[in-house]
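K.L.:
Got a structure for you, questions after.
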Amino acid sequence: MSKSVRLSVEGMSCGSCASRVDKALNGLDGVEDASVNLASDSAEVTYSEKLSVDDLVQAVKSAGYDAHEVLDRDKQMREQREQQAKEMRTLKGQLWLSTLLTLPVFILAMGNHMVPVFSEWVHNSLGLQTSWWIQLVLTTLVLAVPGARFYKLGVPALFRGAPDMNSLVALGATAAWGYSVVATAFPAWLPSESVNVYFEASAVIVTLILAGRFMEARAKSHTSDAIQRLMSLQSKTARVVRDGEVTEVDIAELGKGDEIEVRPGERIALDGEVSSGDSYVNEAMITGEAEPVHKQKEDKVVGGTLNEKGTLRFKVTATGEGTVLAQIIRMVEQAQGSKLPIQDTVNRITLWFVPAVMLAALLTFVVWYFAASESALTFALVNAVAVLIIACPCAMGLATPTSIMVGTGRGAEMGVLFRQGSALQALQQSKGVIFDKTGTLTEGKPTITEWITLSGFDEKEVLTLAASVEAKSEHPTAEALVNYAKDQDLKVSEPDTFEAISGLGATGKVDGKTLYIGTSELMRDNNTELHTEPNEAKNWAENGRTPIYVAIDGKLAAVFTQDDPIKPSAKELIKRLHADGLKTAMVTGDAESTAKRIAKELGIDEVVANVKPDGKVDAVKRLKKEWGQVIFVGDGINDAPALASADVGFAIGTGTDVAIESADVVLMSDNLTVVQQAFALSEATMRNIRQNLFWAFAYNTALIPVAAGVLYPFFGILLSPMLAAGAMALSSVFVITNALRLKTVNLEK
């Protein structure tokens, strides 16, 4: 049996770090899947019982990083925010200190480039050698104090044979510093034309990369805003009604069955069912729908939503991890931590990227050392250091996870929950959308429009018996039948037995009588003759309205039909999907005439009717072969197999738990226009990822040769280590800032 765990990983600083942790976890025998997220410093791991969490933690440690299991999400998020705040304070302090120490070094080294007479002043007042010694002391302090973080992480990684970004920075800064120390203290060791110092390069590298890390940390803190907002909706206390007294208690003290009172302007603490009162509740934070929903007795309420007007009392039906809000948070976290197929390619590249960069730097040094006619050692050192610094793969590691985190967070805010982050990529590659009918394209709340009792049966008795059986069913038709009986003041009783027959109807016993209620196929399967079927029923079928039969003890007793209104948002969605070049189909268990009537009204391309759940799966497989990747949108138990077999399954969140668990994407409202918004979000997120990856890869690919000095023989252009450090820091900040744009991208077309 598989288990899942979320690990908090400490010490990762670039894409190669995340790739090494990913490789260490996925390399364990018993790990089924591991996804490491650099943007959230976490790992989602699915593993078998042969392993323990300690084994996973040890694997991360063997890769050179620390890890611990996340047991309490609230606590972990608080700790993460505190850690982020602490890290930003630390980085800010180190950045200020590094800047103060670097500024004099930069002025002494580069002042003559800005003010020519400055060089004469230094020579006349301090002397060149004294200037170098001052730079040596200040730069050493920069490396030893604010720059120590790079050595603490980079040097051990280097000795493990798994160099990372910190290793590159440590090597580059130390190379420039070491060469300059020799030039200052032991100039005779160097050729006379190569005696020069590059303390400013070493100090500025550390300062600029610290600046980049600070901006990166500040930007990363906003990628989890959606999760933090969702968690802020969770109430800490609630008013519980006990023995007629209303007392405010901690949320942890509440259990199922407790009665809670909610006043106007307060958040509903937990999921429940209204026991008394009348109010309007704003559920926008859960469903994305801004219009307040009317709530009265027996209506469901969701924890985290806002009670706007009246006072309500409700019985608690779920607490803790069982609440809708907790499930939403868990789904968003899983999606944010998941790995898109495109990320595998990135991981493979970044794993080998740092060693390749070190080899490129070494080759650069060797080529320049033997190729340059003058100051060969100087050229070799400067260009090699520039290569080391420009190529840090931070942006590569952040390109995909930051976009996923912001994209899935944006989706959650509009009521679209990506249970699998991979659905973001699959959605954009889809060629067609397949819909269930009842509860998906239609309201799913049909009403009985006509009822005919056959001769020899009492109408009220048949209706009472049928409603008593259907009272146990969750199907919309069953609900319509029960409501139809109640409207006629008939008393519905508890059936002796009940069984739902998927795709066909239901059967049960009441007062010793066996009833079958459902399609003509169900009647035939149970040897009920339909030759006594009234002509009206045949007319219904011819006009696209499905007859539903009631049989008692093997004899046809009644036939009725219903009307299930089409959702107002359905026609607009189909129109938009066609405009985007997508094909549409409807697969339903209803009669073909009914299905075709609905399809014609909506403009759907293809109809597959009168099918059982396995027939829906067959239809999905066939359309996949014909069209390519397909999406299935459904809401009921009988949709679960089709949801699972499609490339992407969309479950209407107002549907059943089974359907939701089988889906890749959950829509928290029944407004179908959010399906199109999900497509738009997928397109925007994948475009954002491609922009990030292009920037990260093209940037490095283009600038490594420039840093190596290939342009110098032709144009006299060299990329100094200082500019390389600034460019590298800018790359990571660009990627995160670009990902954050998804928070405001327009998803309406």
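By convention in this document, the chains of the structure tokens carry letters A, B, ... by their order, each chain's residues are numbered from 1, and ligands are numbered from 1 in the order they are shown.
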Using only C-alpha atoms, which protein or nucleic acid residues come within 9 Å of Ala426 in chain A? Drop anything in the same chain fewer than 6 positions from it, and give the result as a ChimeraX atom specification.
P.N.:
/A:629,647-648,682
K.L.:
Pull the strand (DSSP E or B) assignments for range 373-434 of chain A out of DSSP run on the backbone, and list those residues as a PyMOL selection string.
P.N.:
chain A and resi 416-418+432-434
K.L.:
Identify all residues of range 357-417 of chain A in helix (DSSP H, G or I) (DSSP on the backbone) and supply them as a PyMOL selection string.
P.N.:
chain A and resi 357-371+376-390+394-413
K.L.:
Report, in Å with one decimal, the straight-line distance from CA of Pro534 in chain A to CA of Gly439 in chain A.
P.N.:
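Rounded to one decimal, the two atoms are 28.6 Å apart.
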K.L.:
To one decimal place in Å, what is the distance between CA of Leu703 in chain A and CA of Ala361 in chain A?
P.N.:
12.8 Å
K.L.:
For each of A:Ile342, A:Ala43, A:Ala467, A:Val9, take the minimum atom-to-atom distance to Glu479 in chain A, counting only C-alpha atoms, then give the residue where this is smallest.
P.N.:
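Using only C-alpha atoms, Glu479 in chain A sits closest to A:Ala467.
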K.L.:
If you count only C-alpha atoms, which residues fall within 6 Å of Pro446 in chain A, apart from same-chain ones fewer than 2 positions away, as a list in words?
P.N.:
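Residues meeting the cut-off are Gly444, Ala480, Asp563 and Asp564 of chain A.
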K.L.:
Please provide the set of residues having any atom within 9 Å of Leu270 in chain A, restricted to only C-alpha atoms, with same-chain residues fewer than 4 positions apart removed, written as a ChimeraX atom specification.
P.N.:
/A:234-235,238,251,260,301-304,316-320,323-325
K.L.:
Of the candidates A:Leu718, A:Val249, A:Ala619, A:Met405, which shows the shortest atom-to-atom distance to Arg741 in chain A, using only C-alpha atoms?
P.N.:
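Smallest distance to Arg741 in chain A is found for A:Met405.
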K.L.:
Could you list, as a PDB file with N, CA, C and O atoms, in the first residue's frame, every residue within 8 Å of Asp41 in chain A, counting only C-alpha atoms and ignoring same-chain residues fewer than 2 positions away?
P.N.:
```pdb
ATOM      1  N   SER A   8       9.860  19.124   4.084  1.00  0.00           N
ATOM      2  CA  SER A   8      10.424  20.462   3.961  1.00  0.00           C
ATOM      3  C   SER A   8      11.929  20.281   3.780  1.00  0.00           C
ATOM      4  O   SER A   8      12.581  19.626   4.591  1.00  0.00           O
ATOM      5  N   VAL A   9      12.479  20.802   2.688  1.00  0.00           N
ATOM      6  CA  VAL A   9      13.892  20.612   2.362  1.00  0.00           C
ATOM      7  C   VAL A   9      14.643  21.929   2.553  1.00  0.00           C
ATOM      8  O   VAL A   9      14.232  22.966   2.032  1.00  0.00           O
ATOM      9  N   GLU A  10      15.739  21.876   3.286  1.00  0.00           N
ATOM     10  CA  GLU A  10      16.520  23.076   3.580  1.00  0.00           C
ATOM     11  C   GLU A  10      17.867  23.010   2.874  1.00  0.00           C
ATOM     12  O   GLU A  10      18.469  21.945   2.776  1.00  0.00           O
ATOM     13  N   MET A  12      18.546  24.137  -0.383  1.00  0.00           N
ATOM     14  CA  MET A  12      18.537  24.199  -1.856  1.00  0.00           C
ATOM     15  C   MET A  12      18.646  25.653  -2.305  1.00  0.00           C
ATOM     16  O   MET A  12      17.970  26.521  -1.762  1.00  0.00           O
ATOM     17  N   VAL A  36      10.302  17.410  -6.396  1.00  0.00           N
ATOM     18  CA  VAL A  36      10.986  18.410  -5.570  1.00  0.00           C
ATOM     19  C   VAL A  36      10.714  19.793  -6.141  1.00  0.00           C
ATOM     20  O   VAL A  36      10.870  20.017  -7.342  1.00  0.00           O
ATOM     21  N   ASN A  37      10.307  20.712  -5.270  1.00  0.00           N
ATOM     22  CA  ASN A  37       9.911  22.055  -5.693  1.00  0.00           C
ATOM     23  C   ASN A  37      10.867  23.077  -5.088  1.00  0.00           C
ATOM     24  O   ASN A  37      10.855  23.308  -3.884  1.00  0.00           O
ATOM     25  N   LEU A  38      11.701  23.669  -5.940  1.00  0.00           N
ATOM     26  CA  LEU A  38      12.662  24.671  -5.472  1.00  0.00           C
ATOM     27  C   LEU A  38      11.962  25.926  -4.965  1.00  0.00           C
ATOM     28  O   LEU A  38      12.407  26.554  -4.001  1.00  0.00           O
ATOM     29  N   ALA A  39      10.846  26.281  -5.612  1.00  0.00           N
ATOM     30  CA  ALA A  39      10.145  27.519  -5.247  1.00  0.00           C
ATOM     31  C   ALA A  39       9.556  27.463  -3.844  1.00  0.00           C
ATOM     32  O   ALA A  39       9.452  28.481  -3.167  1.00  0.00           O
ATOM     33  N   ALA A  43       9.297  18.774  -0.926  1.00  0.00           N
ATOM     34  CA  ALA A  43       9.252  17.582  -1.777  1.00  0.00           C
ATOM     35  C   ALA A  43       8.004  16.790  -1.435  1.00  0.00           C
ATOM     36  O   ALA A  43       7.708  16.580  -0.256  1.00  0.00           O
TER      37      ALA A  43
END
```
K.L.:
Quick one: residues within 6 Å of range 131-145 of chain A, only C-alpha atoms counted, chain neighbours fewer than 5 positions away excluded, as a tab-separated table (two decimals) with C-alpha atoms, in the first residue's frame?
P.N.:
```tsv
chain	number	residue	atom	x	y	z
A	98	SER	CA	28.75	43.64	1.92
A	101	LEU	CA	32.70	46.97	2.55
A	105	VAL	CA	37.02	48.61	-2.93
A	203	ALA	CA	33.70	41.68	-3.66
```
K.L.:
Quick one: of A:Val492, A:Leu723, A:Glu461, A:Ile107, who's nearest to Ala707 in chain A, counting only C-alpha atoms?
P.N.:
A:Leu723
K.L.:
When you look at Gly628 in chain A with a cut-off of 8 Å (counting only C-alpha atoms), what residues show up, excluding the ones that are within fewer than 3 positions of it in the same chain? I need them as a list in words.
P.N.:
Ser430, Lys431, Gly432, Leu623, Lys624 and Lys625 of chain A
K.L.:
For the residues selected in the previous step, produce a file with N, CA, C and O atoms as a PDB file, in the first residue's frame.
P.N.:
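Contents of selection-v1.pdb, as written:
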```
ATOM      1  N   SER A 430      -4.818  19.458 -25.426  1.00  0.00           N
ATOM      2  CA  SER A 430      -6.049  18.716 -25.702  1.00  0.00           C
ATOM      3  C   SER A 430      -6.703  19.160 -27.007  1.00  0.00           C
ATOM      4  O   SER A 430      -6.615  20.318 -27.404  1.00  0.00           O
ATOM      5  N   LYS A 431      -7.369  18.183 -27.651  1.00  0.00           N
ATOM      6  CA  LYS A 431      -8.014  18.434 -28.945  1.00  0.00           C
ATOM      7  C   LYS A 431      -9.537  18.424 -28.862  1.00  0.00           C
ATOM      8  O   LYS A 431     -10.205  18.889 -29.772  1.00  0.00           O
ATOM      9  N   GLY A 432     -10.079  17.854 -27.776  1.00  0.00           N
ATOM     10  CA  GLY A 432     -11.528  17.781 -27.668  1.00  0.00           C
ATOM     11  C   GLY A 432     -11.993  17.675 -26.231  1.00  0.00           C
ATOM     12  O   GLY A 432     -11.223  17.297 -25.344  1.00  0.00           O
ATOM     13  N   LEU A 623     -12.750   8.236 -28.924  1.00  0.00           N
ATOM     14  CA  LEU A 623     -12.556   9.637 -29.308  1.00  0.00           C
ATOM     15  C   LEU A 623     -11.101  10.067 -29.137  1.00  0.00           C
ATOM     16  O   LEU A 623     -10.615  10.932 -29.877  1.00  0.00           O
ATOM     17  N   LYS A 624     -10.403   9.460 -28.180  1.00  0.00           N
ATOM     18  CA  LYS A 624      -8.967   9.745 -28.025  1.00  0.00           C
ATOM     19  C   LYS A 624      -8.207   9.324 -29.271  1.00  0.00           C
ATOM     20  O   LYS A 624      -7.311  10.029 -29.746  1.00  0.00           O
ATOM     21  N   LYS A 625      -8.578   8.161 -29.822  1.00  0.00           N
ATOM     22  CA  LYS A 625      -7.918   7.675 -31.036  1.00  0.00           C
ATOM     23  C   LYS A 625      -8.220   8.576 -32.225  1.00  0.00           C
ATOM     24  O   LYS A 625      -7.369   8.832 -33.073  1.00  0.00           O
TER      25      LYS A 625
END
```
K.L.:
Would you write out, as CSV, a table of all residues in range 377-496 of chain A that have an atom no more than 8 Å from an atom of range 511-528 of chain A, listing for each the closest atom pair and the distance in Å to one decimal, considering only C-alpha atoms and ordering rows by chain and rising residue number?
P.N.:
```
residue,atom,partner,partner_atom,distance
A:Leu465,CA,A:Leu515,CA,8.0
A:Ala466,CA,A:Leu515,CA,7.2
A:Val469,CA,A:Leu515,CA,7.7
A:Pro495,CA,A:Asp511,CA,7.7
A:Asp496,CA,A:Asp511,CA,7.4
```
K.L.:
Export N, CA, C and O atoms of the chosen residues as a compact mmCIF listing (two decimals), in the first residue's frame?
P.N.:
```txt
# COMPACT_ATOMS: atom_id res chain seq x y z
N LEU A 465 -44.52 4.10 -3.12
CA LEU A 465 -43.56 3.01 -3.13
C LEU A 465 -42.29 3.39 -3.90
O LEU A 465 -41.16 3.15 -3.46
N ALA A 466 -42.49 4.00 -5.08
CA ALA A 466 -41.34 4.38 -5.92
C ALA A 466 -40.48 5.43 -5.22
O ALA A 466 -39.24 5.34 -5.21
N VAL A 469 -38.31 3.92 -2.44
CA VAL A 469 -37.08 3.28 -2.93
C VAL A 469 -36.05 4.35 -3.30
O VAL A 469 -34.87 4.30 -2.91
N PRO A 495 -37.06 2.09 2.79
CA PRO A 495 -37.15 0.81 2.06
C PRO A 495 -36.49 -0.32 2.85
O PRO A 495 -35.57 -0.08 3.63
N ASP A 496 -36.94 -1.53 2.62
CA ASP A 496 -36.33 -2.68 3.28
C ASP A 496 -34.95 -2.96 2.69
O ASP A 496 -34.01 -3.30 3.41
```
K.L.:
Out of A:Ala67, A:Ala585, A:Leu51, A:Ile598, which residue has the shortest atom-to-atom distance to Ser2 in chain A when counting only C-alpha atoms?
P.N.:
A:Leu51
K.L.:
Using only C-alpha atoms, can you tell me which of A:Arg330, A:Arg242, A:Lys571, A:Lys23 comes closest to Lys600 in chain A?
P.N.:
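Of A:Arg330, A:Arg242, A:Lys571, A:Lys23, the one nearest Lys600 in chain A is A:Lys571, counting only C-alpha atoms.
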